[in-house]
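Structure below is target-v4.cif: mmCIF, C-alpha atoms.
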```
data_coords
#
loop_
_atom_site.label_atom_id
_atom_site.label_comp_id
_atom_site.auth_asym_id
_atom_site.auth_seq_id
_atom_site.Cartn_x
_atom_site.Cartn_y
_atom_site.Cartn_z
CA MET D 1 -7.69 -1.43 19.82
CA LEU D 2 -10.00 1.50 20.51
CA ASN D 3 -12.83 -0.80 19.54
CA THR D 4 -12.03 -2.93 22.59
CA ILE D 5 -11.33 -0.03 24.92
CA TRP D 6 -14.54 1.69 23.94
CA PHE D 7 -16.47 -1.51 24.53
CA PHE D 8 -14.96 -2.07 27.96
CA MET D 9 -15.36 1.51 29.12
CA ILE D 10 -19.08 1.41 28.42
CA PHE D 11 -19.60 -2.22 29.41
CA ILE D 12 -17.70 -2.14 32.71
CA GLY D 13 -19.10 1.28 33.52
CA MET D 14 -22.68 0.14 32.96
CA ILE D 15 -22.32 -3.16 34.83
CA TYR D 16 -20.62 -1.50 37.78
CA GLY D 17 -23.14 1.31 37.70
CA ALA D 18 -25.99 -1.21 37.77
CA LEU D 19 -24.42 -3.13 40.66
CA THR D 20 -23.94 0.00 42.73
CA GLY D 21 -27.40 1.33 41.91
CA ASN D 22 -26.06 4.19 39.83
CA LEU D 23 -28.10 3.61 36.69
CA GLU D 24 -30.06 6.81 36.95
CA GLU D 25 -26.82 8.73 37.08
CA ILE D 26 -25.58 6.87 34.00
CA ASN D 27 -28.72 7.77 32.08
CA ASN D 28 -28.05 11.40 32.86
CA ILE D 29 -24.41 11.06 31.83
CA ILE D 30 -25.28 9.63 28.41
CA PHE D 31 -27.58 12.52 27.71
CA LYS D 32 -25.20 15.12 29.08
CA GLU D 33 -22.01 13.85 27.45
CA ALA D 34 -23.56 13.35 24.01
CA GLN D 35 -24.71 16.93 24.23
CA GLU D 36 -21.26 17.92 25.44
CA GLY D 37 -19.66 16.37 22.33
CA VAL D 38 -21.81 18.55 20.12
CA THR D 39 -21.27 21.68 22.22
CA PHE D 40 -17.54 21.13 22.27
CA ALA D 41 -17.27 20.61 18.52
CA ILE D 42 -19.35 23.72 17.90
CA SER D 43 -17.38 25.78 20.39
CA LEU D 44 -14.26 24.64 18.60
CA ILE D 45 -15.48 26.07 15.27
CA GLY D 46 -14.76 29.68 16.19
CA ILE D 47 -11.28 29.34 17.60
CA MET D 48 -10.24 26.69 15.11
CA SER D 49 -11.41 28.70 12.10
CA PHE D 50 -9.69 31.74 13.50
CA TRP D 51 -6.33 30.01 13.99
CA LEU D 52 -6.39 28.19 10.68
CA GLY D 53 -7.27 31.52 9.04
CA ILE D 54 -4.37 33.33 10.69
CA MET D 55 -1.98 30.47 9.97
CA ASN D 56 -3.02 30.38 6.34
CA ILE D 57 -1.74 33.96 6.10
CA ALA D 58 1.54 32.90 7.71
CA GLN D 59 1.70 29.98 5.31
CA ARG D 60 1.22 32.12 2.22
CA SER D 61 3.65 34.81 3.35
CA GLY D 62 6.34 32.18 3.90
CA LEU D 63 6.64 32.92 7.63
CA ILE D 64 5.91 29.36 8.70
CA LYS D 65 8.43 28.02 6.25
CA SER D 66 11.26 30.21 7.48
CA MET D 67 10.40 29.43 11.10
CA CYS D 68 10.36 25.74 10.40
CA ASN D 69 13.78 25.86 8.77
CA ILE D 70 15.25 26.43 12.21
CA PHE D 71 13.81 23.21 13.57
CA ARG D 72 14.14 21.13 10.43
CA PRO D 73 17.27 19.18 11.51
CA ILE D 74 15.49 17.89 14.65
CA MET D 75 12.39 17.07 12.65
CA ARG D 76 14.41 14.99 10.22
CA ILE D 77 15.64 12.81 13.08
CA ILE D 78 12.22 12.36 14.68
CA PHE D 79 10.25 12.04 11.42
CA PRO D 80 12.59 10.56 8.81
CA ASP D 81 9.63 9.32 6.72
CA ILE D 82 8.25 12.75 5.92
CA PRO D 83 9.67 14.01 2.59
CA LYS D 84 11.74 17.18 2.78
CA SER D 85 9.68 20.40 2.93
CA HIS D 86 6.37 18.52 2.91
CA PRO D 87 3.58 20.67 4.44
CA ALA D 88 3.03 18.04 7.18
CA GLU D 89 6.34 19.08 8.70
CA ASN D 90 5.21 22.69 9.05
CA TRP D 91 1.91 21.80 10.68
CA ILE D 92 3.56 19.40 13.10
CA LEU D 93 5.95 22.13 14.16
CA MET D 94 3.15 24.64 14.53
CA ASN D 95 1.29 22.12 16.67
CA PHE D 96 4.34 21.55 18.88
CA ILE D 97 4.96 25.27 19.32
CA ALA D 98 1.30 26.03 20.08
CA ASN D 99 1.30 23.18 22.60
CA MET D 100 4.40 24.47 24.34
CA PHE D 101 2.84 27.89 24.78
CA GLY D 102 -0.39 26.35 25.97
CA ILE D 103 -2.59 27.57 23.12
CA GLY D 104 -4.74 24.46 23.49
CA ASN D 105 -7.35 24.86 20.76
CA GLY D 106 -4.89 26.46 18.38
CA ALA D 107 -2.67 23.42 18.85
CA THR D 108 -5.62 21.15 18.08
CA ALA D 109 -6.30 23.05 14.86
CA PHE D 110 -2.70 22.66 13.68
CA GLY D 111 -2.56 19.06 14.86
CA LEU D 112 -5.63 18.03 12.87
CA LYS D 113 -4.19 19.78 9.84
CA ALA D 114 -0.93 17.87 10.38
CA MET D 115 -2.84 14.58 10.52
CA LYS D 116 -4.55 15.38 7.25
CA GLU D 117 -1.20 16.05 5.58
CA LEU D 118 0.32 12.92 7.10
CA ASN D 119 -2.60 10.92 5.77
CA ASN D 120 -1.80 12.18 2.27
CA LEU D 121 1.49 10.31 2.63
CA ASN D 122 -0.29 7.20 3.86
CA TYR D 123 -0.67 4.20 1.54
CA ASN D 124 -3.06 2.27 3.74
CA LYS D 125 -5.62 4.89 4.76
CA LYS D 126 -7.02 2.77 7.60
CA LYS D 127 -3.71 2.15 9.35
CA ALA D 128 -1.53 4.66 11.17
CA THR D 129 1.90 5.29 9.67
CA SER D 130 4.96 5.49 11.89
CA ALA D 131 5.09 9.26 11.39
CA MET D 132 1.47 9.53 12.59
CA ALA D 133 2.23 7.30 15.55
CA MET D 134 5.30 9.31 16.49
CA PHE D 135 3.43 12.59 16.13
CA LEU D 136 0.68 11.45 18.48
CA ILE D 137 3.00 9.75 20.96
CA ILE D 138 4.90 13.03 21.35
CA ASN D 139 1.64 14.96 21.58
CA MET D 140 0.30 12.66 24.27
CA SER D 141 3.46 13.00 26.34
CA SER D 142 2.45 16.63 26.98
CA LEU D 143 4.46 19.50 25.54
CA GLN D 144 2.99 22.39 27.49
CA LEU D 145 5.78 24.11 29.37
CA VAL D 146 3.83 26.37 31.74
CA PRO D 147 0.60 24.86 33.10
CA LEU D 148 -1.34 28.06 33.71
CA THR D 149 -4.59 26.40 34.80
CA ILE D 150 -2.84 24.58 37.62
CA ILE D 151 -0.93 27.66 38.73
CA LYS D 152 -4.28 29.41 38.92
CA ILE D 153 -5.76 26.61 41.05
CA ARG D 154 -2.76 26.72 43.39
CA GLN D 155 -3.25 30.45 43.73
CA ASP D 156 -6.94 29.99 44.49
CA TYR D 157 -6.11 27.56 47.26
CA GLY D 158 -3.67 29.97 48.89
CA SER D 159 -0.32 28.55 47.85
CA SER D 160 2.64 30.51 49.19
CA ASN D 161 4.36 30.05 45.84
CA PRO D 162 1.92 29.08 43.06
CA SER D 163 4.55 29.13 40.32
CA PHE D 164 6.96 26.90 42.25
CA ILE D 165 5.93 24.00 40.03
CA ILE D 166 7.07 25.64 36.76
CA GLY D 167 10.68 24.46 36.99
CA PRO D 168 9.92 20.85 37.95
CA THR D 169 7.07 20.71 35.41
CA ILE D 170 9.33 21.84 32.56
CA LEU D 171 11.86 19.20 33.64
CA ALA D 172 9.19 16.48 33.90
CA THR D 173 7.61 17.49 30.58
CA SER D 174 10.95 17.50 28.75
CA LEU D 175 11.90 14.12 30.15
CA SER D 176 8.51 12.59 29.39
CA THR D 177 8.71 13.85 25.81
CA LEU D 178 12.21 12.43 25.46
CA ILE D 179 11.00 9.09 26.81
CA ALA D 180 8.06 9.21 24.42
CA ILE D 181 10.39 9.73 21.44
CA ILE D 182 12.64 6.87 22.55
CA ILE D 183 9.72 4.48 23.13
CA GLY D 184 8.18 5.54 19.82
CA LYS D 185 11.47 4.84 18.03
CA MET D 186 11.73 1.42 19.70
CA PHE D 187 8.26 0.44 18.48
CA GLU D 188 9.03 1.91 15.07
CA ARG D 189 12.05 -0.34 14.72
CA ARG D 190 10.14 -3.42 15.87
CA ASN D 191 7.35 -2.97 13.34
CA MET Z 192 5.30 38.69 34.97
CA LEU Z 193 4.13 35.27 33.97
CA ASN Z 194 0.64 36.61 33.50
CA ILE Z 195 1.84 39.40 31.22
CA ILE Z 196 3.73 36.93 29.05
CA SER Z 197 0.84 34.52 28.86
CA ILE Z 198 -1.73 37.12 27.86
CA SER Z 199 0.52 38.79 25.31
CA ILE Z 200 1.62 35.65 23.45
CA VAL Z 201 -1.48 35.28 21.32
CA PRO Z 202 -1.81 38.97 20.32
CA ALA Z 203 1.93 39.12 19.59
CA ILE Z 204 1.78 36.10 17.28
CA ILE Z 205 -1.23 37.52 15.44
CA ILE Z 206 0.39 40.95 14.97
CA ILE Z 207 3.61 39.41 13.66
CA ILE Z 208 1.72 37.21 11.20
CA ILE Z 209 -0.59 39.84 9.74
CA VAL Z 210 2.13 42.50 9.53
CA HIS Z 211 4.49 40.05 7.84
CA GLY Z 212 1.75 38.91 5.46
CA TYR Z 213 0.75 42.47 4.62
CA ILE Z 214 4.33 43.56 3.92
CA LYS Z 215 4.90 40.51 1.73
CA GLY Z 216 1.89 41.52 -0.32
CA VAL Z 217 -0.29 38.52 0.59
CA ASP Z 218 -4.04 38.99 0.14
CA ILE Z 219 -4.41 38.46 3.89
CA TYR Z 220 -8.18 38.74 4.01
CA SER Z 221 -8.87 36.01 1.48
CA ALA Z 222 -6.08 33.88 2.94
CA PHE Z 223 -7.79 34.13 6.31
CA ILE Z 224 -11.19 33.19 4.89
CA GLU Z 225 -9.73 30.21 3.05
CA GLY Z 226 -8.08 28.88 6.21
CA ALA Z 227 -11.13 29.56 8.36
CA LYS Z 228 -13.38 27.57 6.03
CA GLU Z 229 -11.17 24.59 6.60
CA GLY Z 230 -11.46 25.10 10.35
CA LEU Z 231 -15.23 25.01 10.03
CA LYS Z 232 -15.20 21.75 8.05
CA THR Z 233 -12.79 20.07 10.46
CA SER Z 234 -14.72 21.06 13.57
CA ILE Z 235 -17.95 19.59 12.22
CA SER Z 236 -16.30 16.41 10.98
CA ILE Z 237 -14.81 15.58 14.40
CA MET Z 238 -18.16 15.84 16.18
CA PRO Z 239 -19.07 12.12 15.99
CA TYR Z 240 -15.68 11.14 17.43
CA LEU Z 241 -16.10 13.60 20.28
CA ILE Z 242 -19.54 12.25 21.11
CA ALA Z 243 -18.26 8.67 21.08
CA ILE Z 244 -15.36 9.35 23.44
CA PHE Z 245 -17.23 11.74 25.73
CA VAL Z 246 -20.06 9.29 26.34
CA ALA Z 247 -17.74 6.33 26.95
CA VAL Z 248 -15.50 8.32 29.30
CA GLY Z 249 -18.55 9.78 31.04
CA ILE Z 250 -20.04 6.36 31.76
CA PHE Z 251 -16.72 4.96 32.89
CA ARG Z 252 -15.99 7.91 35.14
CA GLY Z 253 -19.53 8.31 36.46
CA SER Z 254 -19.74 4.67 37.51
CA THR Z 255 -16.76 5.25 39.85
CA VAL Z 256 -15.33 1.95 38.63
CA LEU Z 257 -11.89 3.56 38.99
CA ASP Z 258 -12.15 2.98 42.75
CA ILE Z 259 -11.79 -0.74 42.11
CA PHE Z 260 -8.70 -0.21 39.99
CA THR Z 261 -7.22 2.01 42.69
CA HIS Z 262 -7.68 -0.77 45.25
CA LEU Z 263 -6.26 -3.41 42.95
CA LEU Z 264 -3.20 -1.40 41.97
CA SER Z 265 -2.29 0.16 45.30
CA PRO Z 266 -0.05 -2.70 46.56
CA ILE Z 267 2.08 -2.51 43.40
CA THR Z 268 2.37 1.26 43.34
CA ASN Z 269 3.12 1.42 47.09
CA LEU Z 270 6.01 -0.91 46.45
CA LEU Z 271 7.33 1.40 43.73
CA GLY Z 272 7.10 4.50 45.91
CA LEU Z 273 4.08 6.17 44.37
CA PRO Z 274 1.94 7.79 47.11
CA LYS Z 275 -1.51 6.21 47.29
CA GLU Z 276 -3.18 9.63 47.33
CA ILE Z 277 -1.87 10.20 43.81
CA LEU Z 278 -3.05 6.90 42.36
CA PRO Z 279 -6.60 8.02 41.42
CA LEU Z 280 -5.08 10.97 39.56
CA THR Z 281 -2.68 8.77 37.59
CA LEU Z 282 -5.56 6.50 36.60
CA ILE Z 283 -7.93 9.20 35.43
CA ARG Z 284 -5.38 11.51 33.77
CA PRO Z 285 -5.09 9.61 30.45
CA ILE Z 286 -8.87 9.17 30.30
CA SER Z 287 -10.34 12.53 31.16
CA GLY Z 288 -8.75 15.96 31.37
CA SER Z 289 -11.59 17.63 33.23
CA GLY Z 290 -11.88 14.60 35.54
CA ALA Z 291 -8.19 14.82 36.34
CA LEU Z 292 -8.45 18.54 37.01
CA GLY Z 293 -11.25 17.79 39.48
CA VAL Z 294 -9.04 15.25 41.26
CA VAL Z 295 -6.13 17.72 41.39
CA LYS Z 296 -8.42 20.35 42.92
CA ASP Z 297 -9.57 17.79 45.42
CA ILE Z 298 -6.02 16.81 46.36
CA ILE Z 299 -4.94 20.44 46.70
CA ALA Z 300 -8.00 21.25 48.81
CA ASN Z 301 -7.33 18.28 51.10
CA TYR Z 302 -3.55 18.32 51.44
CA GLY Z 303 -2.76 21.96 50.65
CA PRO Z 304 -1.08 23.31 47.51
CA ASP Z 305 2.37 23.45 49.10
CA SER Z 306 2.41 19.92 50.51
CA PHE Z 307 4.41 17.17 48.84
CA ILE Z 308 1.23 15.54 47.56
CA GLY Z 309 -0.15 18.89 46.39
CA ASN Z 310 3.01 19.74 44.48
CA LEU Z 311 3.30 16.26 43.02
CA ALA Z 312 -0.30 16.36 41.79
CA SER Z 313 0.28 19.80 40.24
CA ILE Z 314 3.45 18.73 38.43
CA MET Z 315 1.90 15.47 37.26
CA MET Z 316 -1.16 17.23 35.88
CA GLY Z 317 1.03 19.75 34.09
CA SER Z 318 3.38 17.23 32.55
CA SER Z 319 0.84 14.80 31.11
CA GLU Z 320 -1.89 14.77 28.50
CA THR Z 321 -5.34 13.26 28.03
CA ILE Z 322 -4.29 10.28 25.94
CA PHE Z 323 -7.63 8.73 24.92
CA TYR Z 324 -9.20 12.00 23.86
CA THR Z 325 -6.18 13.02 21.79
CA ILE Z 326 -5.86 9.67 20.04
CA THR Z 327 -9.55 9.37 19.10
CA LEU Z 328 -9.78 12.96 17.97
CA TYR Z 329 -6.65 12.96 15.80
CA PHE Z 330 -7.02 9.51 14.28
CA GLY Z 331 -10.77 9.96 13.98
CA SER Z 332 -10.39 13.15 12.00
CA VAL Z 333 -8.70 11.27 9.15
CA GLY Z 334 -10.52 7.96 9.54
CA ILE Z 335 -7.62 5.86 10.83
CA GLU Z 336 -8.94 2.68 12.44
CA ASP Z 337 -5.78 0.69 13.04
CA TYR Z 338 -3.70 2.65 15.55
CA SER Z 339 -0.74 0.34 15.17
CA TYR Z 340 1.44 0.67 18.31
CA THR Z 341 0.49 4.30 19.08
CA LEU Z 342 -1.63 3.74 22.19
CA LYS Z 343 0.69 1.11 23.64
CA ALA Z 344 3.73 3.36 23.25
CA ALA Z 345 1.89 6.36 24.71
CA LEU Z 346 0.74 4.41 27.77
CA ILE Z 347 4.19 2.95 28.40
CA SER Z 348 5.75 6.42 28.21
CA TYR Z 349 3.02 7.71 30.51
CA ILE Z 350 3.70 5.07 33.17
CA ILE Z 351 7.44 5.72 33.05
CA SER Z 352 6.89 9.46 33.29
CA ILE Z 353 4.66 9.08 36.37
CA PHE Z 354 7.45 7.42 38.29
CA LEU Z 355 9.98 9.88 36.94
CA THR Z 356 7.83 12.81 38.08
CA THR Z 357 7.49 11.28 41.54
CA PHE Z 358 11.25 10.90 41.64
CA ILE Z 359 11.84 14.52 40.54
CA CYS Z 360 9.37 15.80 43.13
CA SER Z 361 10.92 13.74 45.94
CA ALA Z 362 14.38 14.91 44.93
CA ILE Z 363 13.30 18.54 45.26
CA TYR Z 364 12.02 17.85 48.76
CA ILE Z 365 15.23 16.16 49.83
CA ILE Z 366 17.32 19.10 48.59
#
```
Rewrite the structure of this file - the entire thing - as C-alpha cells.
Amino acid sequence: MLNTIWFFMIFIGMIYGALTGNLEEINNIIFKEAQEGVTFAISLIGIMSFWLGIMNIAQRSGLIKSMCNIFRPIMRIIFPDIPKSHPAENWILMNFIANMFGIGNGATAFGLKAMKELNNLNYNKKKATSAMAMFLIINMSSLQLVPLTIIKIRQDYGSSNPSFIIGPTILATSLSTLIAIIIGKMFERRN
Amino acid sequence: MLNIISISIVPAIIIIIIVHGYIKGVDIYSAFIEGAKEGLKTSISIMPYLIAIFVAVGIFRGSTVLDIFTHLLSPITNLLGLPKEILPLTLIRPISGSGALGVVKDIIANYGPDSFIGNLASIMMGSSETIFYTITLYFGSVGIEDYSYTLKAALISYIISIFLTTFICSAIYII
C-alpha cells in the first residue's frame, strides 16, 4: 500500500510541479528533505539513546513491570494476542504514557522498541500482525492530552485564553482514540 | 501552572527511575549504557525510511497539489458542515506535521486564535497525528512491508474524528 502512496506522492507532485513551473522548487526540496531525513535521524540519536538508557534502568529495577500491572486488564482487551507479561506489553504502555504527556521523541523510542518486540511474536515477518496494526492505529489517533506547541502558538498570537482548547482537545483525543480502537477491532474481526 | 507541570514531568520521571533503580541495587550505569546503545542502533537504522518519507512528502507538499484536492473536496465537506477554511488543514495533517503546524499558524494569524475557526484548527491539530510518518517509521524499523489494514483503519478513524471535533467545537460555541 505504501508502495502505491509513495509512487503517487512523488509522481503527482512532480507532474503538477512541472505543469505549474515549480520544478526548480522541487529540485531544492529533494535536496533539502533528503538532508532533513539524515539530520532528523541523527538528532534522534541523543534523545532516543538517553530515554532507552533511562528506561532500561526502570526495566531492570522492575519499575516498569509494576506500573504496567495497573493497566494490564485494559491491555488484555485491546491486545489479546500478546502473551501475558511479554515485554511488548510494557513498551506499548510506556509509549502510550509518553505520548499522553507529550514526550514526543521518548514516545518514539519506546514505540520502536515495542514494534521490535511485537515482531518477535510475528510469524510472517513481512506482514503486520493485528497487534501491530492495533498499536499503530491507536498511536495515529493521537494520544497527547495537552498540546503545548499549539497553546504556545495561541499565546504568541495574543489569544485571550490560550489554554481554552485543553478541555475540548482532551475530549476530542479520547473520542478519536476510542473510535480508533473500535475501527481497529472491526478490521481485526474481518481479517 | 501548566508550564510548571510540563517542565517538571521529565525531570520527575528521571529522578523516580534512577532513585528506584539505585535502591533496588541495579547497576544503573551499565543498564543505562546498554539501553542507550540500542537507541543508537535504532536511530541509524530508521534513517533510510525517514529520507524516503521526507522526500515524498516534501515533493507532494511543495508542488501545492493539495490545492486541487481542496477544490475537489469542498462541495462534499461543505455539505457535512466542515468549514472550508479548515479543509487544507485536514488534508495536510496526516501527511506532514510541520506542514500542518504551518497551516494552523496561518489560520490563527488570519482569523485570530479565539475565533471559531482558530479554536477548531487548534483542537484539530492537537487531537490528531501525522499518520504517514508514523506508519513508515514504525513499520520500516522492523521491515514490515505488508501493512494489512493498518492505514485504512487509521484514515477512517481520522475522517470520523475530524467531523467529531467539528461537532464538539460547534457545541461549545452554542453553549
Give me the residues within 12 Å of Ile82 (chain D) as a CSV table (one decimal) with C-alpha atoms, in the coordinates of the input, counting all atoms listed in the file and dropping any in the same chain fewer than 2 places off.
```csv
chain,number,residue,atom,x,y,z
D,72,ARG,CA,14.1,21.1,10.4
D,75,MET,CA,12.4,17.1,12.6
D,76,ARG,CA,14.4,15.0,10.2
D,77,ILE,CA,15.6,12.8,13.1
D,78,ILE,CA,12.2,12.4,14.7
D,79,PHE,CA,10.2,12.0,11.4
D,80,PRO,CA,12.6,10.6,8.8
D,84,LYS,CA,11.7,17.2,2.8
D,85,SER,CA,9.7,20.4,2.9
D,86,HIS,CA,6.4,18.5,2.9
D,87,PRO,CA,3.6,20.7,4.4
D,88,ALA,CA,3.0,18.0,7.2
D,89,GLU,CA,6.3,19.1,8.7
D,90,ASN,CA,5.2,22.7,9.0
D,92,ILE,CA,3.6,19.4,13.1
D,114,ALA,CA,-0.9,17.9,10.4
D,117,GLU,CA,-1.2,16.0,5.6
D,118,LEU,CA,0.3,12.9,7.1
D,119,ASN,CA,-2.6,10.9,5.8
D,120,ASN,CA,-1.8,12.2,2.3
D,121,LEU,CA,1.5,10.3,2.6
D,122,ASN,CA,-0.3,7.2,3.9
D,129,THR,CA,1.9,5.3,9.7
D,130,SER,CA,5.0,5.5,11.9
D,131,ALA,CA,5.1,9.3,11.4
D,132,MET,CA,1.5,9.5,12.6
D,134,MET,CA,5.3,9.3,16.5
D,135,PHE,CA,3.4,12.6,16.1
```
Name every residue that the PyMOL selection byres ((chain Z) within 6 of (chain D)) selects in this structure, writing the answer as a PDB file with C-alpha atoms, keeping the file's coordinate frame with chains first and numbers rising.
```pdb
ATOM      1  CA  ILE Z 208       1.720  37.210  11.200  1.00  0.00           C
ATOM      2  CA  GLY Z 212       1.750  38.910   5.460  1.00  0.00           C
ATOM      3  CA  ILE Z 219      -4.410  38.460   3.890  1.00  0.00           C
ATOM      4  CA  ALA Z 222      -6.080  33.880   2.940  1.00  0.00           C
ATOM      5  CA  PHE Z 223      -7.790  34.130   6.310  1.00  0.00           C
ATOM      6  CA  ILE Z 224     -11.190  33.190   4.890  1.00  0.00           C
ATOM      7  CA  GLY Z 226      -8.080  28.880   6.210  1.00  0.00           C
ATOM      8  CA  ALA Z 227     -11.130  29.560   8.360  1.00  0.00           C
ATOM      9  CA  GLY Z 230     -11.460  25.100  10.350  1.00  0.00           C
ATOM     10  CA  LEU Z 231     -15.230  25.010  10.030  1.00  0.00           C
ATOM     11  CA  SER Z 234     -14.720  21.060  13.570  1.00  0.00           C
ATOM     12  CA  MET Z 238     -18.160  15.840  16.180  1.00  0.00           C
ATOM     13  CA  LEU Z 241     -16.100  13.600  20.280  1.00  0.00           C
ATOM     14  CA  ILE Z 242     -19.540  12.250  21.110  1.00  0.00           C
ATOM     15  CA  PHE Z 245     -17.230  11.740  25.730  1.00  0.00           C
ATOM     16  CA  VAL Z 246     -20.060   9.290  26.340  1.00  0.00           C
ATOM     17  CA  ALA Z 247     -17.740   6.330  26.950  1.00  0.00           C
ATOM     18  CA  ILE Z 250     -20.040   6.360  31.760  1.00  0.00           C
ATOM     19  CA  PHE Z 251     -16.720   4.960  32.890  1.00  0.00           C
ATOM     20  CA  SER Z 254     -19.740   4.670  37.510  1.00  0.00           C
ATOM     21  CA  PRO Z 304      -1.080  23.310  47.510  1.00  0.00           C
ATOM     22  CA  ASP Z 305       2.370  23.450  49.100  1.00  0.00           C
ATOM     23  CA  ILE Z 314       3.450  18.730  38.430  1.00  0.00           C
ATOM     24  CA  GLY Z 317       1.030  19.750  34.090  1.00  0.00           C
ATOM     25  CA  SER Z 318       3.380  17.230  32.550  1.00  0.00           C
ATOM     26  CA  SER Z 319       0.840  14.800  31.110  1.00  0.00           C
ATOM     27  CA  GLU Z 320      -1.890  14.770  28.500  1.00  0.00           C
ATOM     28  CA  ILE Z 322      -4.290  10.280  25.940  1.00  0.00           C
ATOM     29  CA  TYR Z 329      -6.650  12.960  15.800  1.00  0.00           C
ATOM     30  CA  ILE Z 335      -7.620   5.860  10.830  1.00  0.00           C
ATOM     31  CA  GLU Z 336      -8.940   2.680  12.440  1.00  0.00           C
ATOM     32  CA  ASP Z 337      -5.780   0.690  13.040  1.00  0.00           C
ATOM     33  CA  TYR Z 338      -3.700   2.650  15.550  1.00  0.00           C
ATOM     34  CA  SER Z 339      -0.740   0.340  15.170  1.00  0.00           C
ATOM     35  CA  THR Z 341       0.490   4.300  19.080  1.00  0.00           C
ATOM     36  CA  ALA Z 345       1.890   6.360  24.710  1.00  0.00           C
ATOM     37  CA  SER Z 348       5.750   6.420  28.210  1.00  0.00           C
ATOM     38  CA  SER Z 352       6.890   9.460  33.290  1.00  0.00           C
ATOM     39  CA  THR Z 356       7.830  12.810  38.080  1.00  0.00           C
TER      40      THR Z 356
END
```
Using all atoms listed in the file, find the one residue out of Z:Val295, Z:Ile235, Z:Ile214, Z:Val256 that sits nearest to Ile277 (chain Z).
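Distance minimum relative to Ile277 (chain Z) lands on Z:Val295.
The nearest approach to Asn269 (chain Z) among the residues Z:Leu282, Z:Ile359, Z:Ile200, Z:Phe354, with all atoms listed in the file taken into account, belongs to Z:Phe354.
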Contacts of Gly288 (chain Z) at 6 Å (all atoms listed in the file; same-chain gap of 2+ positions) as a list in words:
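What passes the distance filter is Gly290, Ala291 and Thr321 of chain Z.
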To one decimal in Å, tell me the separation between CA of Leu311 (chain Z) and CA of Thr357 (chain Z).
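That distance, rounded to one decimal, is 6.7 Å.
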So how many Å separate CA of Phe260 (chain Z) and CA of Ala312 (chain Z), to one decimal?
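Distance between the two atoms: 18.7 Å.
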If we count all atoms listed in the file, what is near Ile244 (chain Z) at a cut-off of 8 Å, once residues fewer than 6 positions away on the same chain are taken out, given as a PDB file with C-alpha atoms, in the frame of the given file?
```pdb
ATOM      1  CA  TRP D   6     -14.540   1.690  23.940  1.00  0.00           C
TER       2      TRP D   6
ATOM      3  CA  PHE Z 323      -7.630   8.730  24.920  1.00  0.00           C
ATOM      4  CA  TYR Z 324      -9.200  12.000  23.860  1.00  0.00           C
ATOM      5  CA  THR Z 327      -9.550   9.370  19.100  1.00  0.00           C
TER       6      THR Z 327
END
```
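Coordinates place CA of Asp81 (chain D) at a distance of 12.8 Å from CA of Arg189 (chain D).
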Selected by the PyMOL selection byres ((chain Z and resi 261) around 9) in the shown coordinates: which residues, as a compact mmCIF listing (two decimals) with C-alpha atoms, in the frame of the given file?
```
# COMPACT_ATOMS: atom_id res chain seq x y z
CA LEU Z 257 -11.89 3.56 38.99
CA ASP Z 258 -12.15 2.98 42.75
CA ILE Z 259 -11.79 -0.74 42.11
CA PHE Z 260 -8.70 -0.21 39.99
CA HIS Z 262 -7.68 -0.77 45.25
CA LEU Z 263 -6.26 -3.41 42.95
CA LEU Z 264 -3.20 -1.40 41.97
CA SER Z 265 -2.29 0.16 45.30
CA LYS Z 275 -1.51 6.21 47.29
CA LEU Z 278 -3.05 6.90 42.36
CA PRO Z 279 -6.60 8.02 41.42
CA LEU Z 282 -5.56 6.50 36.60
```
